[in-house]
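Shown below: model.cif, with mmCIF, C-alpha atoms.
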```cif
data_my_file
loop_
_atom_site.label_atom_id
_atom_site.label_comp_id
_atom_site.auth_asym_id
_atom_site.auth_seq_id
_atom_site.Cartn_x
_atom_site.Cartn_y
_atom_site.Cartn_z
CA MET A 1101 47.18 -27.73 -29.83
CA GLU A 1102 45.84 -30.43 -32.12
CA ASP A 1103 47.17 -30.20 -35.64
CA PHE A 1104 44.88 -31.82 -38.18
CA ASN A 1105 47.83 -33.53 -39.85
CA ASN A 1106 49.61 -34.42 -36.62
CA ILE A 1107 47.48 -36.84 -34.63
CA ARG A 1108 48.11 -37.34 -30.91
CA VAL A 1109 48.34 -40.85 -29.49
CA GLY A 1110 47.75 -41.11 -25.73
CA MET A 1111 48.96 -43.67 -23.21
CA ALA A 1112 47.44 -47.11 -23.90
CA ASP A 1113 46.16 -45.87 -27.24
CA ALA A 1114 46.85 -46.26 -30.98
CA LYS A 1115 46.01 -44.32 -34.13
CA VAL A 1116 46.45 -44.87 -37.86
CA ILE A 1117 46.68 -42.39 -40.74
CA LYS A 1118 46.81 -42.49 -44.47
CA TYR A 1119 49.61 -40.52 -46.10
CA PRO A 1120 50.23 -37.56 -45.69
CA GLY A 1121 50.49 -36.65 -42.01
CA LYS A 1122 52.24 -37.32 -38.73
CA LEU A 1123 51.51 -39.21 -35.53
CA HIS A 1124 53.00 -38.28 -32.19
CA THR A 1125 53.01 -39.35 -28.57
CA ILE A 1126 54.33 -37.27 -25.69
CA GLY A 1127 56.30 -38.25 -22.61
CA LEU A 1128 57.10 -41.92 -23.22
CA GLY A 1129 58.81 -43.21 -20.10
CA SER A 1130 58.91 -46.96 -19.51
CA CYS A 1131 56.15 -47.36 -22.11
CA VAL A 1132 57.09 -48.19 -25.70
CA GLY A 1133 56.03 -46.29 -28.80
CA ILE A 1134 55.66 -48.58 -31.81
CA ALA A 1135 55.42 -47.05 -35.28
CA LEU A 1136 54.30 -49.33 -38.11
CA TYR A 1137 54.67 -48.20 -41.70
CA ASP A 1138 53.54 -49.67 -45.02
CA VAL A 1139 56.41 -48.75 -47.34
CA ASP A 1140 54.19 -48.83 -50.48
CA THR A 1141 51.05 -46.96 -49.42
CA LYS A 1142 52.73 -44.97 -46.58
CA ILE A 1143 49.81 -45.90 -44.35
CA SER A 1144 51.16 -45.43 -40.84
CA GLY A 1145 50.22 -46.39 -37.31
CA LEU A 1146 51.49 -45.54 -33.85
CA ALA A 1147 50.78 -47.40 -30.61
CA HIS A 1148 51.77 -46.41 -27.05
CA ILE A 1149 51.87 -49.60 -24.97
CA MET A 1150 52.34 -49.81 -21.19
CA LEU A 1151 52.81 -53.50 -20.40
CA PRO A 1152 54.26 -56.60 -22.09
CA PHE A 1153 51.56 -59.27 -22.40
CA SER A 1154 47.78 -59.25 -22.00
CA SER A 1155 47.91 -62.70 -20.41
CA ILE A 1156 49.55 -61.31 -17.25
CA THR A 1157 46.27 -59.88 -16.04
CA VAL A 1158 42.54 -60.45 -16.23
CA HIS A 1159 42.05 -56.69 -16.48
CA ASN A 1160 42.82 -56.53 -20.16
CA THR A 1161 39.81 -54.86 -21.79
CA ASN A 1162 41.97 -52.10 -23.25
CA LYS A 1163 43.90 -54.00 -25.92
CA PHE A 1164 46.25 -51.07 -26.53
CA LYS A 1165 47.71 -51.39 -23.05
CA PHE A 1166 49.78 -54.43 -24.02
CA ALA A 1167 52.49 -55.10 -26.60
CA ASP A 1168 50.91 -58.31 -27.90
CA THR A 1169 47.29 -57.23 -28.34
CA GLY A 1170 48.24 -53.60 -29.09
CA ILE A 1171 50.45 -54.50 -32.06
CA GLU A 1172 47.88 -56.96 -33.40
CA MET A 1173 45.14 -54.32 -33.22
CA LEU A 1174 47.36 -51.74 -34.89
CA ILE A 1175 48.11 -54.08 -37.79
CA ASN A 1176 44.38 -54.77 -38.21
CA MET A 1177 43.56 -51.06 -38.17
CA MET A 1178 46.16 -50.41 -40.86
CA GLU A 1179 44.91 -53.28 -43.01
CA GLU A 1180 41.37 -51.92 -42.77
CA ILE A 1181 42.45 -48.72 -44.51
CA GLY A 1182 44.47 -50.52 -47.16
CA ALA A 1183 47.89 -51.45 -45.79
CA LYS A 1184 49.46 -54.77 -46.79
CA ARG A 1185 50.90 -56.78 -43.92
CA LYS A 1186 53.90 -57.96 -45.93
CA LYS A 1187 54.91 -54.37 -46.62
CA ILE A 1188 54.83 -53.24 -43.00
CA VAL A 1189 58.06 -52.31 -41.20
CA SER A 1190 58.54 -50.93 -37.69
CA LYS A 1191 60.47 -48.46 -35.56
CA ILE A 1192 60.30 -48.36 -31.78
CA ALA A 1193 61.30 -45.98 -28.96
CA GLY A 1194 60.94 -45.74 -25.19
CA GLY A 1195 61.31 -48.47 -22.59
CA ALA A 1196 63.38 -46.34 -20.23
CA GLN A 1197 64.11 -47.03 -16.60
CA MET A 1198 62.81 -43.73 -15.30
CA PHE A 1199 63.47 -44.00 -11.58
CA SER A 1200 66.76 -44.81 -9.96
CA SER A 1201 67.24 -45.93 -6.41
CA LYS A 1202 69.79 -47.77 -4.30
CA VAL A 1203 67.31 -50.61 -3.90
CA ASN A 1204 65.77 -52.68 -6.64
CA LEU A 1205 62.06 -51.95 -7.03
CA ASP A 1206 59.92 -53.97 -9.42
CA ILE A 1207 59.07 -50.84 -11.41
CA MET A 1208 62.71 -50.52 -12.38
CA ASN A 1209 62.85 -53.08 -15.16
CA ILE A 1210 59.38 -52.70 -16.67
CA GLY A 1211 60.85 -50.58 -19.50
CA ASN A 1212 63.22 -53.31 -20.53
CA ARG A 1213 60.51 -55.96 -20.28
CA ASN A 1214 58.31 -53.83 -22.54
CA VAL A 1215 61.07 -53.56 -25.16
CA VAL A 1216 61.81 -57.29 -25.09
CA ALA A 1217 58.09 -58.14 -25.41
CA THR A 1218 57.62 -55.63 -28.25
CA LYS A 1219 60.47 -57.18 -30.27
CA GLU A 1220 59.15 -60.67 -29.62
CA VAL A 1221 55.68 -59.74 -30.86
CA LEU A 1222 57.00 -57.90 -33.95
CA ASN A 1223 59.03 -61.01 -34.73
CA GLU A 1224 55.97 -63.23 -34.39
CA PHE A 1225 54.11 -61.08 -36.91
CA ASN A 1226 57.17 -61.09 -39.22
CA ILE A 1227 57.45 -57.32 -39.08
CA PRO A 1228 61.04 -56.13 -39.60
CA LEU A 1229 62.41 -53.72 -36.98
CA ILE A 1230 64.20 -51.00 -38.94
CA SER A 1231 65.57 -48.96 -36.05
CA GLU A 1232 65.08 -48.29 -32.35
CA ASP A 1233 65.93 -45.82 -29.62
CA THR A 1234 65.21 -47.63 -26.37
CA GLY A 1235 66.46 -47.86 -22.79
CA GLY A 1236 68.27 -45.16 -20.88
CA ASN A 1237 66.82 -43.32 -17.90
CA TYR A 1238 64.95 -40.47 -19.57
CA GLY A 1239 61.61 -39.72 -21.21
CA ARG A 1240 61.00 -39.30 -24.93
CA THR A 1241 58.50 -37.51 -27.12
CA ILE A 1242 58.24 -39.10 -30.55
CA GLU A 1243 56.76 -38.04 -33.86
CA PHE A 1244 56.39 -40.36 -36.83
CA ASN A 1245 56.25 -38.81 -40.29
CA SER A 1246 54.35 -40.81 -42.93
CA ASN A 1247 55.99 -38.76 -45.71
CA ASP A 1248 59.44 -40.27 -45.25
CA GLY A 1249 58.96 -42.94 -42.56
CA LYS A 1250 61.23 -41.12 -40.14
CA MET A 1251 60.75 -41.01 -36.39
CA PHE A 1252 61.75 -37.81 -34.62
CA ILE A 1253 62.75 -38.20 -30.96
CA LYS A 1254 62.97 -35.39 -28.43
CA THR A 1255 64.31 -35.67 -24.86
CA ILE A 1256 65.05 -33.41 -21.89
CA GLY A 1257 68.83 -33.13 -21.66
CA HIS A 1258 69.64 -36.03 -23.99
CA GLY A 1259 69.30 -34.26 -27.31
CA ILE A 1260 67.09 -34.87 -30.31
CA LYS A 1261 67.48 -37.42 -33.08
CA PHE A 1262 65.87 -39.07 -36.07
CA ILE A 1263 65.73 -42.83 -36.42
CA MET B 556 33.86 -52.64 -5.95
CA GLU B 557 34.43 -51.10 -9.37
CA ILE B 558 36.21 -47.77 -9.17
CA GLU B 559 33.80 -46.22 -11.67
CA ASN B 560 31.00 -46.85 -9.18
CA LEU B 561 32.48 -45.12 -6.16
CA ASN B 562 29.78 -42.78 -4.89
CA ASN B 563 30.20 -39.44 -3.17
CA LYS B 564 30.20 -40.95 0.30
CA TYR B 565 33.28 -43.05 -0.49
CA LEU B 566 34.98 -40.20 -2.28
CA ASP B 567 34.47 -37.93 0.73
CA ILE B 568 36.03 -40.50 3.03
CA LEU B 569 39.03 -40.89 0.74
CA LYS B 570 39.39 -37.11 0.59
CA GLU B 571 39.37 -36.97 4.37
CA LEU B 572 42.07 -39.64 4.48
CA GLY B 573 44.11 -37.53 2.07
CA ASN B 574 43.52 -34.53 4.26
CA ILE B 575 44.92 -36.21 7.34
CA GLY B 576 47.79 -37.99 5.59
CA ALA B 577 48.93 -35.07 3.47
CA GLY B 578 48.39 -32.71 6.39
CA ASN B 579 50.97 -34.66 8.37
CA ALA B 580 53.36 -34.86 5.42
CA ILE B 581 53.15 -31.14 4.82
CA THR B 582 53.58 -30.34 8.51
CA ALA B 583 56.82 -32.34 8.34
CA LEU B 584 57.98 -30.25 5.40
CA ALA B 585 56.95 -27.00 7.09
CA THR B 586 58.93 -28.00 10.17
CA MET B 587 62.05 -28.71 8.11
CA LEU B 588 61.75 -25.34 6.42
CA ASN B 589 60.41 -23.43 9.39
CA GLN B 590 57.90 -21.90 6.97
CA LYS B 591 54.15 -21.98 6.74
CA ILE B 592 52.92 -24.18 3.91
CA ASP B 593 49.34 -24.23 2.69
CA MET B 594 47.64 -27.26 1.26
CA LYS B 595 44.58 -27.45 -0.89
CA ILE B 596 41.68 -29.75 -0.21
CA PRO B 597 42.66 -33.17 -1.55
CA LYS B 598 41.00 -34.38 -4.71
CA VAL B 599 40.08 -37.95 -5.44
CA LYS B 600 40.46 -38.53 -9.14
CA ILE B 601 39.55 -41.38 -11.41
CA MET B 602 41.24 -40.89 -14.74
CA ASP B 603 41.96 -42.53 -18.04
CA PHE B 604 45.65 -43.06 -18.60
CA THR B 605 45.55 -40.51 -21.41
CA GLN B 606 44.27 -37.75 -19.12
CA LEU B 607 46.80 -38.61 -16.45
CA GLN B 608 49.68 -37.31 -18.52
CA GLU B 609 48.14 -33.84 -18.46
CA ILE B 610 47.88 -33.31 -14.70
CA PHE B 611 50.73 -30.82 -14.79
CA GLY B 612 49.49 -29.04 -17.88
CA LEU B 613 51.87 -29.98 -20.65
CA PRO B 614 53.13 -33.58 -20.45
CA GLU B 615 56.62 -32.25 -21.26
CA THR B 616 56.82 -29.97 -18.22
CA ILE B 617 59.94 -30.91 -16.25
CA ILE B 618 59.27 -32.07 -12.72
CA ALA B 619 61.10 -33.89 -9.96
CA GLY B 620 59.31 -37.09 -8.99
CA ILE B 621 60.07 -39.13 -5.88
CA TYR B 622 58.50 -42.55 -5.97
CA PHE B 623 57.75 -45.12 -3.25
CA ASN B 624 56.26 -48.58 -3.34
CA LEU B 625 53.58 -48.94 -0.73
CA GLU B 626 53.59 -52.35 0.92
CA GLY B 627 52.05 -54.21 3.83
CA SER B 628 48.29 -54.71 4.21
CA ILE B 629 47.93 -51.89 1.69
CA ASN B 630 49.66 -52.03 -1.67
CA GLY B 631 50.17 -49.33 -4.23
CA ASN B 632 52.49 -46.41 -4.62
CA ILE B 633 53.18 -42.86 -3.64
CA LEU B 634 54.49 -40.15 -5.90
CA PHE B 635 55.70 -36.86 -4.51
CA SER B 636 56.26 -34.32 -7.25
CA LEU B 637 57.79 -30.87 -7.28
CA ASP B 638 58.12 -28.40 -10.08
CA ILE B 639 61.75 -27.95 -10.99
CA GLU B 640 62.19 -24.52 -9.38
CA SER B 641 60.69 -25.82 -6.13
CA ALA B 642 63.02 -28.80 -6.14
CA ALA B 643 66.01 -26.49 -6.65
CA PHE B 644 64.80 -24.16 -3.90
CA LEU B 645 64.43 -27.01 -1.39
CA VAL B 646 67.91 -28.38 -2.09
CA GLU B 647 69.47 -24.93 -1.88
CA TYR B 648 67.57 -23.96 1.26
CA LEU B 649 68.13 -27.19 3.16
CA MET B 650 71.61 -28.10 1.90
CA GLY B 651 73.04 -24.69 1.20
CA VAL B 652 74.15 -25.92 -2.24
CA LYS B 653 73.51 -24.02 -5.47
CA VAL B 654 71.68 -26.23 -7.95
CA ASN B 655 71.65 -24.10 -11.14
CA ASN B 656 69.29 -26.55 -12.87
CA LYS B 657 71.84 -29.34 -12.56
CA PHE B 658 70.84 -31.88 -9.97
CA ASP B 659 73.91 -33.91 -9.02
CA GLU B 660 73.83 -37.07 -6.89
CA MET B 661 73.94 -35.10 -3.66
CA ALA B 662 71.04 -32.87 -4.68
CA LYS B 663 69.05 -35.95 -5.71
CA SER B 664 69.80 -37.66 -2.40
CA ALA B 665 68.59 -34.57 -0.55
CA LEU B 666 65.32 -34.60 -2.48
CA GLN B 667 64.87 -38.31 -1.84
CA GLU B 668 65.33 -37.73 1.87
CA ILE B 669 62.81 -34.86 1.93
CA GLY B 670 60.34 -37.11 0.10
CA ASN B 671 61.08 -39.94 2.49
CA ILE B 672 60.25 -37.86 5.53
CA MET B 673 57.01 -36.62 3.97
CA ALA B 674 55.84 -39.99 2.67
CA GLY B 675 56.71 -41.56 6.03
CA SER B 676 54.54 -39.01 7.85
CA TYR B 677 51.69 -39.53 5.41
CA ILE B 678 51.71 -43.29 5.78
CA SER B 679 52.18 -43.41 9.53
CA SER B 680 49.09 -41.24 10.07
CA LEU B 681 47.02 -43.41 7.69
CA SER B 682 48.29 -46.52 9.38
CA THR B 683 47.24 -45.21 12.80
CA LEU B 684 43.86 -44.15 11.50
CA THR B 685 43.00 -47.42 9.76
CA SER B 686 44.93 -49.85 11.97
CA LEU B 687 46.34 -51.30 8.75
CA SER B 688 50.04 -51.96 8.38
CA MET B 689 51.69 -49.89 5.70
CA LYS B 690 55.29 -49.30 4.88
CA ILE B 691 57.12 -47.52 2.13
CA SER B 692 60.10 -48.69 0.10
CA PRO B 693 63.23 -46.54 0.00
CA PRO B 694 62.71 -43.59 -2.36
CA ALA B 695 63.48 -43.61 -6.08
CA ILE B 696 63.96 -40.35 -7.97
CA CYS B 697 63.54 -39.01 -11.49
CA ILE B 698 63.82 -35.51 -12.92
CA ASP B 699 62.27 -35.47 -16.37
CA MET B 700 59.07 -34.93 -18.39
CA ALA B 701 55.96 -35.04 -16.20
CA GLY B 702 54.19 -37.39 -18.62
CA ALA B 703 57.03 -39.91 -18.54
CA ILE B 704 57.24 -39.80 -14.74
CA LEU B 705 53.49 -40.22 -14.27
CA SER B 706 53.51 -43.17 -16.64
CA VAL B 707 55.34 -45.20 -13.99
CA PRO B 708 52.54 -45.28 -11.38
CA ALA B 709 50.10 -45.61 -14.30
CA ILE B 710 51.89 -48.76 -15.48
CA LYS B 711 51.76 -50.21 -12.00
CA PHE B 712 48.04 -49.51 -11.81
CA GLY B 713 47.56 -50.64 -15.41
CA GLU B 714 48.06 -54.24 -14.38
CA LEU B 715 44.78 -53.98 -12.47
CA SER B 716 42.56 -51.52 -14.28
CA ASP B 717 42.06 -49.33 -17.34
CA LYS B 718 41.61 -46.30 -15.16
CA ILE B 719 43.76 -44.92 -12.38
CA LEU B 720 42.37 -43.80 -9.03
CA PHE B 721 44.36 -41.58 -6.71
CA ILE B 722 44.21 -38.96 -3.99
CA GLU B 723 46.05 -35.80 -4.97
CA THR B 724 46.98 -33.01 -2.59
CA GLN B 725 48.56 -29.81 -3.85
CA PHE B 726 50.56 -27.61 -1.57
CA SER B 727 52.49 -24.38 -1.76
CA GLU B 728 54.40 -22.01 0.40
CA GLY B 729 52.94 -18.52 0.85
CA ASN B 730 55.41 -16.80 -1.48
CA LYS B 731 55.21 -19.66 -4.01
CA GLN B 732 58.84 -20.74 -3.82
CA ILE B 733 57.55 -24.24 -3.27
CA GLN B 734 54.75 -25.90 -5.16
CA GLY B 735 54.17 -29.60 -5.25
CA ASP B 736 51.74 -32.47 -5.36
CA PHE B 737 51.39 -35.57 -3.30
CA PHE B 738 49.78 -38.61 -4.91
CA LEU B 739 48.58 -41.63 -2.98
CA ILE B 740 47.76 -44.44 -5.41
CA PRO B 741 46.66 -47.59 -3.58
CA ASP B 742 45.66 -50.51 -5.77
CA ILE B 743 41.96 -51.27 -6.10
CA ASP B 744 41.77 -54.01 -3.50
CA SER B 745 43.54 -51.75 -1.04
CA PHE B 746 40.89 -49.06 -1.45
CA ASN B 747 38.26 -51.57 -0.44
CA LEU B 748 40.35 -52.65 2.52
CA ILE B 749 40.78 -49.05 3.68
CA LEU B 750 37.03 -48.45 3.47
CA ASP B 751 36.36 -51.69 5.36
CA SER B 752 38.83 -50.80 8.09
CA LEU B 753 36.99 -47.54 8.65
CA GLY B 754 33.71 -49.38 8.99
CA VAL B 755 32.26 -48.04 5.76
CA GLU B 756 29.64 -50.26 4.19
#
```
This entry written out as structure tokens:
Amino acid sequence: MEDFNNIRVGMADAKVIKYPGKLHTIGLGSCVGIALYDVDTKISGLAHIMLPFSSITVHNTNKFKFADTGIEMLINMMEEIGAKRKKIVSKIAGGAQMFSSKVNLDIMNIGNRNVVATKEVLNEFNIPLISEDTGGNYGRTIEFNSNDGKMFIKTIGHGIKFI
Amino acid sequence: MEIENLNNKYLDILKELGNIGAGNAITALATMLNQKIDMKIPKVKIMDFTQLQEIFGLPETIIAGIYFNLEGSINGNILFSLDIESAAFLVEYLMGVKVNNKFDEMAKSALQEIGNIMAGSYISSLSTLTSLSMKISPPAICIDMAGAILSVPAIKFGELSDKILFIETQFSEGNKQIQGDFFLIPDIDSFNLILDSLGVE
């Protein structure tokens, strides 16, 4: 069900809204959800990235797949509808290690690498990280509310919270 | 070859591969359970990442996912998924342990082993058919939101493409106590190699 004021963001995707309204993304596993928020205008954006850096692969046409190009695009999209870069803050969630096994598979630490890359990129763009809910071994559904800048996080068996 | 350009001939061959591989995997499961299990005709799907999260209906549907790296001449991954009731049924039936929606370490190990037997059967039949070496990693397990579980093979594929290509086979037992899906997700180069090995031009 698509609510007009609650826009869905898919995997390797990003959306922006002007106040009022909400943005949500469902079933974040090792991916990272990055909410950016202009504290003055309340213009908000949400990206759902899958991988750390676009330079790791030549198959990088979808800029929203990666933390570096995804965050840059999201900032640009927000600026286009009136956000000011210096007023933008961020909240992030996700980056879990979904699968557990007795052996170490390379998929195991992709969540952590995504979180580290996301923080590095936010830092490069001088965007303060206000709060985060990352890591663990479980999925998250997140909803960002442009009214108050709060991120709602829902899990299976690990409770709900606001950050 | 670009995956968007795969024509019907290639898709039919991949479906047939799925048919043989999954057929063997499901026979292994049926033998363990001493029950007849039906499988649907495999589907070859090329999807955007966004669509992928909705394979099981709602992305928040809880499923059990058992994941394997696929290595050797062919690279990629395998995901064996069961809805949560089916996973509980299998553990209870095979282990004689009540699950009550709480999967402890022993229940998870049991599921991993069931997945291991099935994935092993799938791969060994494909390996024989194509004369390509394939092996699977030990299993890894996750019981959580379907969308979050499916994001893991998507991420692996995402390093290579903006779309994901896979062979999906659904199966169920006659009285519907077991319903699951088997996903074979070779990387793009491996698809070409499989087609080559079968003499497809």
Expected selection from the PyMOL selection byres ((chain A) within 6 of (chain B)), given as a PDB file with C-alpha atoms, keeping the file's coordinate frame:
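Output file out20.pdb follows:
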```pdb
ATOM      1  CA  GLY A1110      47.750 -41.110 -25.730  1.00  0.00           C
ATOM      2  CA  MET A1111      48.960 -43.670 -23.210  1.00  0.00           C
ATOM      3  CA  GLY A1127      56.300 -38.250 -22.610  1.00  0.00           C
ATOM      4  CA  LEU A1128      57.100 -41.920 -23.220  1.00  0.00           C
ATOM      5  CA  GLY A1129      58.810 -43.210 -20.100  1.00  0.00           C
ATOM      6  CA  MET A1150      52.340 -49.810 -21.190  1.00  0.00           C
ATOM      7  CA  HIS A1159      42.050 -56.690 -16.480  1.00  0.00           C
ATOM      8  CA  PHE A1199      63.470 -44.000 -11.580  1.00  0.00           C
ATOM      9  CA  SER A1200      66.760 -44.810  -9.960  1.00  0.00           C
ATOM     10  CA  SER A1201      67.240 -45.930  -6.410  1.00  0.00           C
ATOM     11  CA  GLY A1239      61.610 -39.720 -21.210  1.00  0.00           C
TER      12      GLY A1239
END
```
For this session: List the residues selected by the PyMOL selection byres ((chain B and resi 673) around 9) in the file shown, writing them as a PyMOL selection string.
Result: chain B and resi 577+579-584+635+668-672+674-678
On this structure, which residues satisfy the PyMOL selection byres ((chain A and resi 1216-1223) around 12), written as a PDB file with C-alpha atoms, keeping the file's coordinate frame?
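Below you can see expr13.pdb, which holds the result:
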```
ATOM      1  CA  CYS A1131      56.150 -47.360 -22.110  1.00  0.00           C
ATOM      2  CA  VAL A1132      57.090 -48.190 -25.700  1.00  0.00           C
ATOM      3  CA  GLY A1133      56.030 -46.290 -28.800  1.00  0.00           C
ATOM      4  CA  ILE A1134      55.660 -48.580 -31.810  1.00  0.00           C
ATOM      5  CA  ALA A1135      55.420 -47.050 -35.280  1.00  0.00           C
ATOM      6  CA  LEU A1136      54.300 -49.330 -38.110  1.00  0.00           C
ATOM      7  CA  ALA A1147      50.780 -47.400 -30.610  1.00  0.00           C
ATOM      8  CA  HIS A1148      51.770 -46.410 -27.050  1.00  0.00           C
ATOM      9  CA  ILE A1149      51.870 -49.600 -24.970  1.00  0.00           C
ATOM     10  CA  MET A1150      52.340 -49.810 -21.190  1.00  0.00           C
ATOM     11  CA  LEU A1151      52.810 -53.500 -20.400  1.00  0.00           C
ATOM     12  CA  PRO A1152      54.260 -56.600 -22.090  1.00  0.00           C
ATOM     13  CA  PHE A1153      51.560 -59.270 -22.400  1.00  0.00           C
ATOM     14  CA  SER A1154      47.780 -59.250 -22.000  1.00  0.00           C
ATOM     15  CA  LYS A1165      47.710 -51.390 -23.050  1.00  0.00           C
ATOM     16  CA  PHE A1166      49.780 -54.430 -24.020  1.00  0.00           C
ATOM     17  CA  ALA A1167      52.490 -55.100 -26.600  1.00  0.00           C
ATOM     18  CA  ASP A1168      50.910 -58.310 -27.900  1.00  0.00           C
ATOM     19  CA  THR A1169      47.290 -57.230 -28.340  1.00  0.00           C
ATOM     20  CA  GLY A1170      48.240 -53.600 -29.090  1.00  0.00           C
ATOM     21  CA  ILE A1171      50.450 -54.500 -32.060  1.00  0.00           C
ATOM     22  CA  GLU A1172      47.880 -56.960 -33.400  1.00  0.00           C
ATOM     23  CA  LEU A1174      47.360 -51.740 -34.890  1.00  0.00           C
ATOM     24  CA  ILE A1175      48.110 -54.080 -37.790  1.00  0.00           C
ATOM     25  CA  ARG A1185      50.900 -56.780 -43.920  1.00  0.00           C
ATOM     26  CA  ILE A1188      54.830 -53.240 -43.000  1.00  0.00           C
ATOM     27  CA  VAL A1189      58.060 -52.310 -41.200  1.00  0.00           C
ATOM     28  CA  SER A1190      58.540 -50.930 -37.690  1.00  0.00           C
ATOM     29  CA  LYS A1191      60.470 -48.460 -35.560  1.00  0.00           C
ATOM     30  CA  ILE A1192      60.300 -48.360 -31.780  1.00  0.00           C
ATOM     31  CA  ALA A1193      61.300 -45.980 -28.960  1.00  0.00           C
ATOM     32  CA  GLY A1194      60.940 -45.740 -25.190  1.00  0.00           C
ATOM     33  CA  GLY A1195      61.310 -48.470 -22.590  1.00  0.00           C
ATOM     34  CA  ASN A1209      62.850 -53.080 -15.160  1.00  0.00           C
ATOM     35  CA  ILE A1210      59.380 -52.700 -16.670  1.00  0.00           C
ATOM     36  CA  GLY A1211      60.850 -50.580 -19.500  1.00  0.00           C
ATOM     37  CA  ASN A1212      63.220 -53.310 -20.530  1.00  0.00           C
ATOM     38  CA  ARG A1213      60.510 -55.960 -20.280  1.00  0.00           C
ATOM     39  CA  ASN A1214      58.310 -53.830 -22.540  1.00  0.00           C
ATOM     40  CA  VAL A1215      61.070 -53.560 -25.160  1.00  0.00           C
ATOM     41  CA  GLU A1224      55.970 -63.230 -34.390  1.00  0.00           C
ATOM     42  CA  PHE A1225      54.110 -61.080 -36.910  1.00  0.00           C
ATOM     43  CA  ASN A1226      57.170 -61.090 -39.220  1.00  0.00           C
ATOM     44  CA  ILE A1227      57.450 -57.320 -39.080  1.00  0.00           C
ATOM     45  CA  PRO A1228      61.040 -56.130 -39.600  1.00  0.00           C
ATOM     46  CA  LEU A1229      62.410 -53.720 -36.980  1.00  0.00           C
ATOM     47  CA  ILE A1230      64.200 -51.000 -38.940  1.00  0.00           C
ATOM     48  CA  SER A1231      65.570 -48.960 -36.050  1.00  0.00           C
ATOM     49  CA  GLU A1232      65.080 -48.290 -32.350  1.00  0.00           C
ATOM     50  CA  THR A1234      65.210 -47.630 -26.370  1.00  0.00           C
ATOM     51  CA  GLY A1235      66.460 -47.860 -22.790  1.00  0.00           C
TER      52      GLY A1235
END
```
Seminar exercise, completed: atom CA of Met1178 of chain A to atom CA of Asn1106 of chain A measures 16.9 Å
For this session: Figure out the distance between atom CA of Ile601 of chain B and atom CA of Leu566 of chain B, please, to one decimal in Å.
Result: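 Atom CA of Ile601 of chain B lies at a distance of 10.3 Å from atom CA of Leu566 of chain B.
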Problem set entry | Spatial neighbours of Lys1118 of chain A, max dist 9 Å, all atoms listed in the file, sep filter under 3 positions, as a list in words |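 Those residues are Gly1121, Thr1141, Lys1142, Ile1143, Ser1144, Gly1145, Met1178, Ile1181, Gly1182 and Ser1246 of chain A.
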Would you fill out segment 611-619 of chain B with N, CA, C and O atoms and return it as a PDB file, in the coordinates of the input?
```
ATOM      1  N   PHE B 611      49.886 -31.998 -14.998  1.00  0.00           N
ATOM      2  CA  PHE B 611      50.730 -30.820 -14.790  1.00  0.00           C
ATOM      3  C   PHE B 611      50.654 -29.845 -15.957  1.00  0.00           C
ATOM      4  O   PHE B 611      51.569 -29.081 -16.185  1.00  0.00           O
ATOM      5  N   GLY B 612      49.575 -29.897 -16.707  1.00  0.00           N
ATOM      6  CA  GLY B 612      49.490 -29.040 -17.880  1.00  0.00           C
ATOM      7  C   GLY B 612      50.105 -29.783 -19.038  1.00  0.00           C
ATOM      8  O   GLY B 612      49.594 -30.812 -19.459  1.00  0.00           O
ATOM      9  N   LEU B 613      51.232 -29.296 -19.538  1.00  0.00           N
ATOM     10  CA  LEU B 613      51.870 -29.980 -20.650  1.00  0.00           C
ATOM     11  C   LEU B 613      52.600 -31.227 -20.161  1.00  0.00           C
ATOM     12  O   LEU B 613      53.305 -31.166 -19.156  1.00  0.00           O
ATOM     13  N   PRO B 614      52.437 -32.356 -20.868  1.00  0.00           N
ATOM     14  CA  PRO B 614      53.130 -33.580 -20.450  1.00  0.00           C
ATOM     15  C   PRO B 614      54.652 -33.438 -20.476  1.00  0.00           C
ATOM     16  O   PRO B 614      55.355 -34.223 -19.867  1.00  0.00           O
ATOM     17  N   GLU B 615      55.165 -32.407 -21.170  1.00  0.00           N
ATOM     18  CA  GLU B 615      56.620 -32.250 -21.260  1.00  0.00           C
ATOM     19  C   GLU B 615      57.195 -31.333 -20.186  1.00  0.00           C
ATOM     20  O   GLU B 615      58.399 -31.138 -20.116  1.00  0.00           O
ATOM     21  N   THR B 616      56.343 -30.791 -19.337  1.00  0.00           N
ATOM     22  CA  THR B 616      56.820 -29.970 -18.220  1.00  0.00           C
ATOM     23  C   THR B 616      57.820 -30.781 -17.391  1.00  0.00           C
ATOM     24  O   THR B 616      57.570 -31.943 -17.086  1.00  0.00           O
ATOM     25  N   ILE B 617      58.947 -30.171 -17.046  1.00  0.00           N
ATOM     26  CA  ILE B 617      59.940 -30.910 -16.250  1.00  0.00           C
ATOM     27  C   ILE B 617      59.567 -30.856 -14.778  1.00  0.00           C
ATOM     28  O   ILE B 617      59.314 -29.775 -14.240  1.00  0.00           O
ATOM     29  N   ILE B 618      59.537 -32.001 -14.151  1.00  0.00           N
ATOM     30  CA  ILE B 618      59.270 -32.070 -12.720  1.00  0.00           C
ATOM     31  C   ILE B 618      60.285 -33.016 -12.053  1.00  0.00           C
ATOM     32  O   ILE B 618      60.957 -33.793 -12.730  1.00  0.00           O
ATOM     33  N   ALA B 619      60.349 -32.899 -10.729  1.00  0.00           N
ATOM     34  CA  ALA B 619      61.100 -33.890  -9.960  1.00  0.00           C
ATOM     35  C   ALA B 619      60.067 -34.824  -9.342  1.00  0.00           C
ATOM     36  O   ALA B 619      59.120 -34.362  -8.709  1.00  0.00           O
TER      37      ALA B 619
END
```
